[in-house]
$ cat target.csv   # CSV, C-alpha atoms
chain,number,residue,atom,x,y,z
Z,1,MET,CA,-14.4,13.3,-12.6
Z,2,ASN,CA,-16.6,10.9,-10.7
Z,3,THR,CA,-13.9,8.3,-10.0
Z,4,LEU,CA,-14.3,5.4,-7.6
Z,5,THR,CA,-11.5,3.7,-5.8
Z,6,LEU,CA,-12.2,0.4,-4.0
Z,7,LEU,CA,-9.9,-1.8,-1.9
Z,8,VAL,CA,-11.6,-5.2,-1.9
Z,9,LYS,CA,-10.8,-8.0,0.6
Z,10,PRO,CA,-12.1,-11.1,-1.1
Z,11,ALA,CA,-10.7,-13.4,1.6
Z,12,ALA,CA,-11.3,-11.0,4.5
Z,13,GLY,CA,-8.6,-11.7,7.2
Z,14,LEU,CA,-7.8,-15.2,6.0
Z,15,CYS,CA,-4.0,-15.7,5.4
Z,16,ASN,CA,-1.5,-18.4,4.8
Z,17,MET,CA,1.2,-16.5,6.7
Z,18,ASN,CA,1.6,-15.3,10.3
Z,19,CYS,CA,3.6,-12.1,10.0
Z,20,THR,CA,4.6,-10.8,13.4
Z,21,TYR,CA,3.9,-7.2,12.6
Z,22,CYS,CA,0.5,-7.7,10.8
Z,23,PHE,CA,-1.7,-4.7,11.8
Z,24,TYR,CA,-4.8,-6.3,10.3
Z,25,LYS,CA,-4.7,-9.5,12.5
Z,26,ALA,CA,-6.2,-7.8,15.5
Z,27,ALA,CA,-9.0,-6.2,13.5
Z,28,SER,CA,-10.1,-9.4,11.8
Z,29,GLU,CA,-9.5,-12.2,14.4
Z,30,THR,CA,-12.8,-11.5,16.2
Z,31,ARG,CA,-14.8,-11.6,12.9
Z,32,GLU,CA,-16.1,-14.3,10.7
Z,33,ASN,CA,-13.4,-14.6,8.0
Z,34,ARG,CA,-14.6,-16.2,4.9
Z,35,ILE,CA,-14.4,-15.9,1.1
Z,36,MET,CA,-16.6,-13.3,-0.5
Z,37,THR,CA,-19.8,-14.9,-1.9
Z,38,ASP,CA,-21.0,-14.6,-5.4
Z,39,GLU,CA,-24.1,-12.8,-4.0
Z,40,THR,CA,-21.9,-10.1,-2.4
Z,41,VAL,CA,-19.9,-9.8,-5.6
Z,42,ASP,CA,-23.1,-9.3,-7.6
Z,43,VAL,CA,-24.4,-6.7,-5.1
Z,44,LEU,CA,-21.1,-4.9,-5.1
Z,45,ILE,CA,-21.0,-4.7,-8.9
Z,46,GLN,CA,-24.6,-3.5,-9.0
Z,47,ARG,CA,-23.7,-0.7,-6.6
Z,48,ILE,CA,-20.7,0.3,-8.7
Z,49,LYS,CA,-23.0,0.3,-11.8
Z,50,GLU,CA,-25.6,2.5,-10.0
Z,51,TYR,CA,-22.8,4.9,-8.9
Z,52,ARG,CA,-21.8,5.4,-12.6
Z,53,PRO,CA,-18.1,6.2,-12.1
Z,54,SER,CA,-16.1,7.9,-14.8
Z,55,ALA,CA,-13.2,5.7,-13.8
Z,56,LEU,CA,-12.8,2.7,-11.5
Z,57,SER,CA,-9.9,1.4,-9.5
Z,58,ILE,CA,-10.2,-2.0,-7.8
Z,59,MET,CA,-7.3,-3.1,-5.6
Z,60,PHE,CA,-7.5,-6.6,-4.0
Z,61,GLN,CA,-5.9,-7.0,-0.6
Z,62,GLY,CA,-6.1,-9.1,2.5
Z,63,GLY,CA,-5.4,-11.0,4.6
Z,64,GLU,CA,-4.2,-12.8,1.5
Z,65,PRO,CA,-6.6,-12.2,-1.4
Z,66,THR,CA,-5.4,-15.0,-3.6
Z,67,LEU,CA,-6.8,-17.5,-1.0
Z,68,ALA,CA,-10.2,-16.7,-2.7
Z,69,GLY,CA,-8.8,-18.7,-5.7
Z,70,LEU,CA,-8.2,-18.0,-9.3
Z,71,GLU,CA,-11.8,-19.0,-10.3
Z,72,PHE,CA,-13.1,-16.3,-7.9
Z,73,PHE,CA,-11.0,-13.6,-9.7
Z,74,GLU,CA,-12.0,-14.9,-13.1
Z,75,ARG,CA,-15.7,-14.6,-12.2
Z,76,PHE,CA,-15.3,-11.2,-10.5
Z,77,ILE,CA,-13.3,-9.6,-13.4
Z,78,GLY,CA,-15.6,-11.2,-16.0
Z,79,LYS,CA,-18.6,-9.7,-14.3
Z,80,ILE,CA,-16.9,-6.3,-14.0
Z,81,LYS,CA,-16.1,-6.3,-17.7
Z,82,LYS,CA,-19.7,-7.2,-18.7
Z,83,SER,CA,-21.3,-4.6,-16.4
Z,84,ILE,CA,-19.0,-1.6,-16.2
Z,85,THR,CA,-18.3,0.5,-19.2
Z,86,CYS,CA,-15.8,3.1,-17.7
Z,87,PRO,CA,-12.0,2.5,-17.7
Z,88,VAL,CA,-11.1,0.1,-14.9
Z,89,PHE,CA,-7.7,-0.4,-13.3
Z,90,PHE,CA,-6.9,-3.6,-11.4
Z,91,ALA,CA,-4.2,-4.2,-8.7
Z,92,LEU,CA,-3.4,-7.0,-6.3
Z,93,GLN,CA,-1.3,-6.9,-3.2
Z,94,THR,CA,-0.1,-10.4,-2.3
Z,95,ASN,CA,2.5,-12.4,-0.4
Z,96,GLY,CA,2.9,-14.4,-3.7
Z,97,ILE,CA,2.7,-17.9,-2.3
Z,98,MET,CA,-0.3,-18.8,-4.4
Z,99,ILE,CA,0.9,-17.3,-7.6
Z,100,ASP,CA,1.4,-20.0,-10.3
Z,101,GLU,CA,1.4,-19.9,-14.1
Z,102,GLY,CA,-2.4,-19.9,-14.2
Z,103,PHE,CA,-2.6,-16.9,-11.9
Z,104,ALA,CA,0.2,-15.1,-13.8
Z,105,GLU,CA,-1.5,-15.6,-17.1
Z,106,PHE,CA,-4.8,-14.2,-15.7
Z,107,LEU,CA,-3.0,-11.2,-14.2
Z,108,LYS,CA,-1.2,-10.4,-17.5
Z,109,LYS,CA,-4.4,-10.8,-19.5
Z,110,ASN,CA,-6.3,-8.3,-17.3
Z,111,ARG,CA,-3.3,-5.9,-17.0
Z,112,PHE,CA,-3.0,-6.1,-13.2
Z,113,LEU,CA,-0.4,-4.2,-11.3
Z,114,VAL,CA,0.9,-6.6,-8.6
Z,115,GLY,CA,2.5,-5.7,-5.3
Z,116,ILE,CA,4.7,-8.4,-3.8
Z,117,SER,CA,5.4,-8.3,-0.1
Z,118,LEU,CA,9.1,-9.0,0.5
Z,119,ASP,CA,11.2,-7.3,3.2
Z,120,GLY,CA,14.6,-8.1,1.7
Z,121,ASN,CA,17.0,-11.1,1.5
Z,122,ARG,CA,16.3,-14.4,3.2
Z,123,LYS,CA,17.7,-13.3,6.6
Z,124,THR,CA,15.6,-10.1,6.6
Z,125,ASN,CA,12.4,-11.6,5.2
Z,126,ASP,CA,12.5,-14.6,7.5
Z,127,ARG,CA,12.7,-12.4,10.6
Z,128,TYR,CA,9.0,-11.6,10.7
Z,129,ARG,CA,7.4,-13.1,7.5
Z,130,LEU,CA,6.9,-16.8,8.1
Z,131,ASP,CA,4.1,-19.2,7.3
Z,132,LYS,CA,1.5,-20.6,9.8
Z,133,ASN,CA,4.0,-23.3,10.8
Z,134,GLY,CA,6.9,-20.9,11.3
Z,135,HIS,CA,8.6,-21.9,8.1
Z,136,SER,CA,10.4,-19.6,5.6
Z,137,VAL,CA,8.4,-18.5,2.5
Z,138,PHE,CA,11.4,-16.8,0.9
Z,139,ASP,CA,11.9,-19.3,-1.9
Z,140,SER,CA,8.2,-19.4,-2.6
Z,141,VAL,CA,8.0,-15.6,-3.0
Z,142,LEU,CA,11.1,-15.5,-5.3
Z,143,ASN,CA,9.5,-18.3,-7.4
Z,144,ALA,CA,6.3,-16.3,-7.7
Z,145,ILE,CA,8.2,-13.3,-8.8
Z,146,SER,CA,10.0,-15.4,-11.5
Z,147,VAL,CA,6.6,-16.6,-12.7
Z,148,LEU,CA,5.3,-13.0,-12.9
Z,149,GLU,CA,8.5,-12.0,-14.9
Z,150,ARG,CA,8.0,-14.9,-17.3
Z,151,TYR,CA,4.5,-13.7,-18.1
Z,152,ASP,CA,5.6,-10.0,-18.2
Z,153,VAL,CA,3.3,-9.0,-15.3
Z,154,ASP,CA,3.9,-5.5,-14.0
Z,155,PHE,CA,4.9,-5.8,-10.3
Z,156,ASN,CA,6.5,-3.8,-7.5
Z,157,ILE,CA,8.1,-4.7,-4.2
Z,158,LEU,CA,6.6,-3.7,-0.9
Z,159,ALA,CA,9.0,-3.9,2.1
Z,160,VAL,CA,8.2,-3.1,5.7
Z,161,ILE,CA,10.9,-1.2,7.5
Z,162,ASP,CA,11.4,-1.9,11.2
Z,163,SER,CA,14.0,-1.2,13.8
Z,164,LYS,CA,16.2,-4.1,12.7
Z,165,ASN,CA,16.2,-3.9,8.9
Z,166,ALA,CA,16.4,-0.1,8.9
Z,167,ASN,CA,20.1,-0.6,9.7
Z,168,ASP,CA,20.4,-3.0,6.8
Z,169,VAL,CA,19.2,-0.7,4.1
Z,170,GLU,CA,22.4,-0.9,2.0
Z,171,GLU,CA,22.1,-4.7,2.0
Z,172,THR,CA,18.4,-4.7,1.3
Z,173,TYR,CA,18.6,-2.2,-1.5
Z,174,GLY,CA,21.6,-4.1,-3.0
Z,175,PHE,CA,19.6,-7.3,-2.9
Z,176,PHE,CA,16.6,-5.8,-4.7
Z,177,LYS,CA,18.9,-4.1,-7.3
Z,178,GLU,CA,20.8,-7.4,-7.9
Z,179,LEU,CA,17.5,-9.1,-8.8
Z,180,ASP,CA,16.6,-6.1,-11.0
Z,181,PHE,CA,13.6,-5.1,-9.0
Z,182,GLY,CA,13.1,-1.6,-10.4
Z,183,TYR,CA,10.0,-0.5,-8.4
Z,184,LEU,CA,10.2,-0.4,-4.6
Z,185,GLN,CA,8.0,0.8,-1.8
Z,186,PHE,CA,9.2,1.0,1.8
Z,187,ILE,CA,6.6,1.4,4.7
Z,188,PRO,CA,7.6,2.3,8.2
Z,189,CYS,CA,6.4,-0.3,10.8
Z,190,VAL,CA,4.2,1.4,13.4
Z,191,ASP,CA,3.8,-0.8,16.4
Z,192,GLU,CA,0.3,-2.3,16.6
Z,193,ASP,CA,0.9,-4.1,19.9
Z,194,SER,CA,3.1,-6.5,17.9
Z,195,GLY,CA,6.4,-5.5,19.6
Z,196,VAL,CA,7.8,-4.7,16.2
Z,197,SER,CA,8.3,-1.0,15.5
Z,198,LEU,CA,10.5,1.7,13.8
Z,199,LEU,CA,11.8,4.4,16.0
Z,200,PRO,CA,12.2,8.0,14.6
Z,201,GLY,CA,16.0,8.0,14.8
Z,202,GLU,CA,16.1,4.7,13.0
Z,203,TYR,CA,13.8,5.9,10.3
Z,204,GLU,CA,15.8,9.1,9.8
Z,205,ALA,CA,19.0,7.0,9.2
Z,206,PHE,CA,17.0,4.8,6.8
Z,207,LEU,CA,15.7,7.7,4.8
Z,208,LYS,CA,19.1,9.3,4.5
Z,209,LYS,CA,21.0,6.2,3.5
Z,210,SER,CA,18.3,4.9,1.1
Z,211,PHE,CA,18.3,8.3,-0.6
Z,212,ASP,CA,22.1,8.3,-1.0
Z,213,LEU,CA,21.9,4.9,-2.6
Z,214,TRP,CA,19.1,6.0,-4.9
Z,215,TYR,CA,20.8,9.3,-5.8
Z,216,ASP,CA,24.1,7.7,-6.7
Z,217,ASP,CA,22.2,5.3,-9.0
Z,218,PHE,CA,20.1,8.1,-10.5
Z,219,ILE,CA,23.1,10.2,-11.3
Z,220,SER,CA,24.8,7.1,-12.8
Z,221,GLY,CA,21.8,6.6,-15.1
Z,222,LYS,CA,20.7,3.5,-13.1
Z,223,TYR,CA,17.2,4.6,-12.1
Z,224,VAL,CA,15.4,2.6,-9.5
Z,225,SER,CA,11.9,3.8,-8.5
Z,226,ILE,CA,11.5,4.3,-4.7
Z,227,ARG,CA,7.9,5.4,-4.2
Z,228,HIS,CA,8.4,8.1,-1.5
Z,229,ILE,CA,11.3,9.7,-3.3
Z,230,ASP,CA,9.5,9.7,-6.6
Z,231,ASN,CA,6.6,11.5,-4.8
Z,232,TYR,CA,8.7,14.1,-3.2
Z,233,ILE,CA,10.3,15.0,-6.5
Z,234,ASN,CA,6.9,15.0,-8.2
Z,235,ILE,CA,5.7,17.5,-5.5
Z,236,LEU,CA,8.8,19.7,-6.1
Z,237,MET,CA,7.9,19.7,-9.8
Z,238,GLY,CA,4.5,21.1,-9.0
Z,239,ASN,CA,2.5,17.9,-9.3
Z,240,PRO,CA,0.2,16.3,-6.7
Z,241,PRO,CA,1.5,13.1,-5.0
Z,242,GLU,CA,0.0,9.8,-6.0
Z,243,ASN,CA,0.5,8.2,-2.6
Z,244,CYS,CA,-2.5,9.0,-0.3
Z,245,ALA,CA,-0.2,9.0,2.7
Z,246,MET,CA,1.6,12.0,1.3
Z,247,CYS,CA,-1.5,14.1,0.3
Z,248,GLY,CA,-2.0,15.7,3.7
Z,249,VAL,CA,-5.6,14.4,3.8
Z,250,CYS,CA,-7.1,11.0,3.8
Z,251,GLY,CA,-8.2,9.7,0.4
Z,252,ASN,CA,-11.8,9.3,-0.8
Z,253,TYR,CA,-11.8,5.5,-1.2
Z,254,PHE,CA,-13.6,2.6,0.3
Z,255,VAL,CA,-12.5,-0.7,1.8
Z,256,ILE,CA,-14.9,-3.6,1.0
Z,257,GLU,CA,-14.8,-6.5,3.4
Z,258,ALA,CA,-15.7,-10.0,2.2
Z,259,ASN,CA,-19.1,-9.7,3.9
Z,260,GLY,CA,-19.8,-6.4,2.1
Z,261,ASP,CA,-19.0,-4.1,5.1
Z,262,ILE,CA,-17.4,-0.8,4.1
Z,263,TYR,CA,-14.6,1.1,5.9
Z,264,PRO,CA,-12.8,4.4,5.0
Z,265,CYS,CA,-9.2,3.0,5.0
Z,266,ASP,CA,-7.3,-0.2,5.3
Z,267,PHE,CA,-5.7,1.0,8.5
Z,268,TYR,CA,-9.1,1.8,10.0
Z,269,CYS,CA,-11.1,-1.4,9.4
Z,270,LYS,CA,-12.4,-1.2,13.0
Z,271,ASP,CA,-15.9,-1.3,14.2
Z,272,GLU,CA,-16.0,2.4,15.2
Z,273,TYR,CA,-15.2,3.3,11.6
Z,274,LEU,CA,-17.8,1.1,9.9
Z,275,LEU,CA,-19.5,3.2,7.1
Z,276,GLY,CA,-22.1,0.8,6.0
Z,277,SER,CA,-22.5,-2.1,3.6
Z,278,VAL,CA,-22.8,-2.7,-0.1
Z,279,TYR,CA,-26.2,-4.1,0.8
Z,280,ASN,CA,-27.3,-0.6,1.7
Z,281,GLU,CA,-28.6,1.7,-1.0
Z,282,LYS,CA,-26.1,4.2,-2.4
Z,283,PRO,CA,-23.2,3.1,-0.2
Z,284,PHE,CA,-20.7,5.2,-2.1
Z,285,GLU,CA,-22.4,8.5,-1.6
Z,286,ALA,CA,-20.5,10.6,0.9
Z,287,SER,CA,-21.9,10.1,4.4
Z,288,LYS,CA,-21.5,12.3,7.4
Z,289,LYS,CA,-19.2,9.7,9.0
Z,290,GLN,CA,-16.9,9.5,6.0
Z,291,LYS,CA,-16.8,13.2,5.7
Z,292,ALA,CA,-15.9,13.5,9.4
Z,293,PHE,CA,-13.1,10.9,8.9
Z,294,ILE,CA,-11.6,12.9,6.0
Z,295,GLU,CA,-12.0,16.3,7.7
Z,296,GLN,CA,-10.2,15.0,10.9
Z,297,SER,CA,-7.1,14.2,8.7
Z,298,LEU,CA,-7.0,17.9,7.7
Z,299,LEU,CA,-6.1,19.0,11.3
Z,300,ILE,CA,-2.7,20.6,11.2
Z,301,HIS,CA,-0.3,20.6,14.2
Z,302,GLU,CA,1.0,24.0,15.2
Z,303,ARG,CA,4.6,22.9,14.4
Z,304,CYS,CA,3.5,22.1,10.9
Z,305,ARG,CA,2.0,25.5,10.2
Z,306,ASP,CA,5.4,27.2,10.4
Z,307,CYS,CA,7.5,24.4,9.0
Z,308,LYS,CA,9.2,25.1,5.6
Z,309,TYR,CA,8.8,21.5,4.7
Z,310,TYR,CA,5.1,21.2,5.2
Z,311,PRO,CA,4.4,21.5,1.5
Z,312,LEU,CA,6.5,18.3,1.1
Z,313,CYS,CA,5.5,16.4,4.2
Z,314,ARG,CA,1.9,17.6,4.6
Z,315,GLY,CA,1.8,16.0,8.0
Z,316,GLY,CA,2.3,12.5,6.7
Z,317,CYS,CA,-0.1,9.6,7.0
Z,318,ARG,CA,-2.9,9.9,9.5
Z,319,ARG,CA,-1.9,6.6,11.0
Z,320,ASP,CA,1.5,8.1,12.0
Z,321,ARG,CA,-0.2,10.9,13.8
Z,322,GLY,CA,-1.8,8.7,16.5
Z,323,ASP,CA,-5.3,8.8,17.8
Z,324,SER,CA,-5.1,12.5,18.7
Z,325,LEU,CA,-4.2,13.3,15.0
Z,326,THR,CA,-1.6,15.8,16.0
Z,327,GLU,CA,2.2,15.7,15.3
Z,328,ASN,CA,3.5,12.9,13.1
Z,329,ILE,CA,5.7,10.5,15.2
Z,330,TYR,CA,8.4,10.8,12.5
Z,331,CYS,CA,8.3,14.6,12.3
Z,332,ASP,CA,11.9,15.1,13.4
Z,333,ALA,CA,13.1,12.3,11.1
Z,334,TYR,CA,11.4,13.9,8.1
Z,335,LYS,CA,12.8,17.4,8.9
Z,336,SER,CA,16.3,16.1,9.3
Z,337,PHE,CA,16.0,14.1,6.1
Z,338,PHE,CA,14.7,17.1,4.1
Z,339,ASP,CA,17.6,19.2,5.4
Z,340,TYR,CA,19.9,16.5,4.2
Z,341,SER,CA,18.4,15.8,0.7
Z,342,ILE,CA,16.3,18.8,-0.4
Z,343,GLU,CA,18.9,20.5,-2.6
Z,344,ARG,CA,19.6,17.3,-4.5
Z,345,MET,CA,15.9,16.6,-4.9
Z,346,ARG,CA,15.4,20.2,-6.2
Z,347,ARG,CA,18.1,19.9,-8.7
Z,348,ILE,CA,16.6,16.7,-10.0
Z,349,ALA,CA,13.1,18.2,-10.1
Z,350,ASP,CA,14.5,21.3,-12.0
Z,351,SER,CA,16.2,19.0,-14.5
Z,352,LEU,CA,13.1,17.0,-15.2
$ encode --input "target.csv" --output "structure tokens"
Amino acid sequence: MNTLTLLVKPAAGLCNMNCTYCFYKAASETRENRIMTDETVDVLIQRIKEYRPSALSIMFQGGEPTLAGLEFFERFIGKIKKSITCPVFFALQTNGIMIDEGFAEFLKKNRFLVGISLDGNRKTNDRYRLDKNGHSVFDSVLNAISVLERYDVDFNILAVIDSKNANDVEETYGFFKELDFGYLQFIPCVDEDSGVSLLPGEYEAFLKKSFDLWYDDFISGKYVSIRHIDNYINILMGNPPENCAMCGVCGNYFVIEANGDIYPCDFYCKDEYLLGSVYNEKPFEASKKQKAFIEQSLLIHERCRDCKYYPLCRGGCRRDRGDSLTENIYCDAYKSFFDYSIERMRRIADSL
């Protein structure tokens, strides 16, 4: 299978929010942040066509990608459909502020999967996720979700877990469940000089408590999808994880910046990791630099080699292993969590 996965940033680092823990802010603030031009779109699509993928995934991210405007997305998707004959999957990760009925209708028509960033209830979300003027966006996000629901757009919730809301997991999970949000993804907050972080002991407590809440609902027939738990059970069933952070090796995908620059990962859109540009010939052919980036993620810490949970953990996300790519900063948290939950996960995997 000659699949191609692209993470496209149509508005580069432009954003209508000022999230305290944003890891992309530092990478983008020294660059020219602008909307992707029609010329760059055309070149990108021509490069995709030349690559001749058997399947194509395009995920729009930011900054805030919807700042490119609905007309941008309509042109982009229209050109893709005219030029690309293989199956295409579209996804959008957004803060939701710009989502209105026109956007929702477009997303439904083109079968987008939408990720909505929401850390929890008003108190939790307002802690770090405010607009440029320091105002709450909580009501705007919930309104966007209600619009998506009216148009039957598939969506999931992406919540960042930090030192404060890790302790509020019961409240957060209950809030999401009360609103019937059935697909959840929780991401640990690694401090990118923002002053916001998640310590290993706090993450351990979060993993255990969230699993208990999930497990009680699962046993009661009230299934809620939590991405990392779904992946662990999938692995125990003998299947590969779908989350690249749980594969044990960095994924073979490309981040496309608004100016056409290409990087190997959303967390590594830094000058030293620049792979090239869509304006280069054959930009999606594996380069030495990209191969080196992937091979580095295969380094296994000596503690991992003898760990009985390595087949489940696989060392975790490269980002959580620091610049030296050695031991995951959450190693002890994961081991304690697996000791706590493995038998219940195995029983579920066996039953499925």
$ residues_near_point --input "target.csv" --point "(-14.8, -14.0, -11.2)" --cutoff "12 Å" --atoms "only C-alpha atoms" --output "PDB file with C-alpha atoms, keeping the file's coordinate frame"
ATOM      1  CA  PRO Z  10     -12.100 -11.100  -1.100  1.00  0.00           C
ATOM      2  CA  MET Z  36     -16.600 -13.300  -0.500  1.00  0.00           C
ATOM      3  CA  THR Z  37     -19.800 -14.900  -1.900  1.00  0.00           C
ATOM      4  CA  ASP Z  38     -21.000 -14.600  -5.400  1.00  0.00           C
ATOM      5  CA  GLU Z  39     -24.100 -12.800  -4.000  1.00  0.00           C
ATOM      6  CA  THR Z  40     -21.900 -10.100  -2.400  1.00  0.00           C
ATOM      7  CA  VAL Z  41     -19.900  -9.800  -5.600  1.00  0.00           C
ATOM      8  CA  ASP Z  42     -23.100  -9.300  -7.600  1.00  0.00           C
ATOM      9  CA  ILE Z  45     -21.000  -4.700  -8.900  1.00  0.00           C
ATOM     10  CA  ALA Z  68     -10.200 -16.700  -2.700  1.00  0.00           C
ATOM     11  CA  GLY Z  69      -8.800 -18.700  -5.700  1.00  0.00           C
ATOM     12  CA  LEU Z  70      -8.200 -18.000  -9.300  1.00  0.00           C
ATOM     13  CA  GLU Z  71     -11.800 -19.000 -10.300  1.00  0.00           C
ATOM     14  CA  PHE Z  72     -13.100 -16.300  -7.900  1.00  0.00           C
ATOM     15  CA  PHE Z  73     -11.000 -13.600  -9.700  1.00  0.00           C
ATOM     16  CA  GLU Z  74     -12.000 -14.900 -13.100  1.00  0.00           C
ATOM     17  CA  ARG Z  75     -15.700 -14.600 -12.200  1.00  0.00           C
ATOM     18  CA  PHE Z  76     -15.300 -11.200 -10.500  1.00  0.00           C
ATOM     19  CA  ILE Z  77     -13.300  -9.600 -13.400  1.00  0.00           C
ATOM     20  CA  GLY Z  78     -15.600 -11.200 -16.000  1.00  0.00           C
ATOM     21  CA  LYS Z  79     -18.600  -9.700 -14.300  1.00  0.00           C
ATOM     22  CA  ILE Z  80     -16.900  -6.300 -14.000  1.00  0.00           C
ATOM     23  CA  LYS Z  81     -16.100  -6.300 -17.700  1.00  0.00           C
ATOM     24  CA  LYS Z  82     -19.700  -7.200 -18.700  1.00  0.00           C
ATOM     25  CA  PHE Z 106      -4.800 -14.200 -15.700  1.00  0.00           C
ATOM     26  CA  ASN Z 110      -6.300  -8.300 -17.300  1.00  0.00           C
TER      27      ASN Z 110
END
$ residues_around --input "target.csv" --residues "Ile161 (chain Z)" --least-positions-apart "6" --cutoff "8 Å" --atoms "all atoms listed in the file" --output "PyMOL selection string"
chain Z and resi 119+186-189+198
$ closest_residue --input "target.csv" --among "Z:Gly96, Z:Gly238, Z:Pro264, Z:Pro311" --to "Ala144 (chain Z)" --atoms "all atoms listed in the file"
Z:Gly96
$ closest_residue --input "target.csv" --among "Z:Leu299, Z:Tyr273, Z:Tyr128, Z:Cys244" --to "Ser194 (chain Z)" --atoms "all atoms listed in the file"
Z:Tyr128
$ residues_around --input "target.csv" --residues "Val8 (chain Z)" --least-positions-apart "4" --cutoff "7 Å" --atoms "only C-alpha atoms" --output "PyMOL selection string"
chain Z and resi 58-61+255-257
$ closest_residue --input "target.csv" --among "Z:Gly195, Z:Pro240, Z:Gly276, Z:Pro65" --to "Phe254 (chain Z)" --atoms "all atoms listed in the file"
Z:Gly276
$ atom_distance --input "target.csv" --atom1 "CA of Asp266 (chain Z)" --atom2 "CA of Phe293 (chain Z)"
13.0 Å
$ atom_distance --input "target.csv" --atom1 "CA of Asn95 (chain Z)" --atom2 "CA of Ser140 (chain Z)"
9.3 Å
$ closest_atom_pairs --input "target.csv" --of "region 108-131 of chain Z" --to "region 173-183 of chain Z" --cutoff "10 Å" --atoms "only C-alpha atoms" --output "tab-separated table"
residue	atom	partner	partner_atom	distance
Z:Gly115	CA	Z:Tyr183	CA	9.6
Z:Leu118	CA	Z:Phe176	CA	9.7
Z:Asp119	CA	Z:Phe176	CA	9.7
Z:Gly120	CA	Z:Phe175	CA	6.8
Z:Asn121	CA	Z:Phe175	CA	6.4
Z:Arg122	CA	Z:Phe175	CA	9.9
$ atom_distance --input "target.csv" --atom1 "CA of Cys247 (chain Z)" --atom2 "CA of Cys307 (chain Z)"
16.2 Å
$ residues_around --input "target.csv" --residues "Cys317 (chain Z)" --least-positions-apart "6" --cutoff "8 Å" --atoms "only C-alpha atoms" --output "compact mmCIF listing (two decimals) with C-alpha atoms, in the frame of the given file"
# COMPACT_ATOMS: atom_id res chain seq x y z
CA CYS Z 244 -2.50 9.00 -0.30
CA ALA Z 245 -0.20 9.00 2.70
CA MET Z 246 1.60 12.00 1.30
CA GLY Z 248 -2.00 15.70 3.70
CA VAL Z 249 -5.60 14.40 3.80
CA CYS Z 250 -7.10 11.00 3.80
CA ASN Z 328 3.50 12.90 13.10
$ residues_around --input "target.csv" --residues "Leu130 (chain Z)" --least-positions-apart "2" --cutoff "6 Å" --atoms "only C-alpha atoms" --output "ChimeraX atom specification"
/Z:17-18,134-136
$ residues_near_point --input "target.csv" --point "(-19.4, 0.7, -20.6)" --cutoff "12 Å" --atoms "all atoms listed in the file" --output "VMD selection string"
chain Z and resid 48 to 49 52 to 56 80 to 88
$ closest_residue --input "target.csv" --among "Z:Val160, Z:Asn133, Z:Ser57, Z:Ala166" --to "Phe112 (chain Z)" --atoms "all atoms listed in the file"
Z:Ser57
$ residues_around --input "target.csv" --residues "region 205-213 of chain Z" --least-positions-apart "5" --cutoff "8 Å" --atoms "only C-alpha atoms" --output "MDAnalysis selection string"
chainID Z and resid 166:167 169:170 173 229 337 340:341
$ closest_residue --input "target.csv" --among "Z:Lys9, Z:Arg47, Z:Lys164, Z:Arg318" --to "Gln93 (chain Z)" --atoms "all atoms listed in the file"
Z:Lys9
$ closest_residue --input "target.csv" --among "Z:Ser220, Z:Thr124, Z:Ser287, Z:Asn16" --to "Asp168 (chain Z)" --atoms "only C-alpha atoms"
Z:Thr124
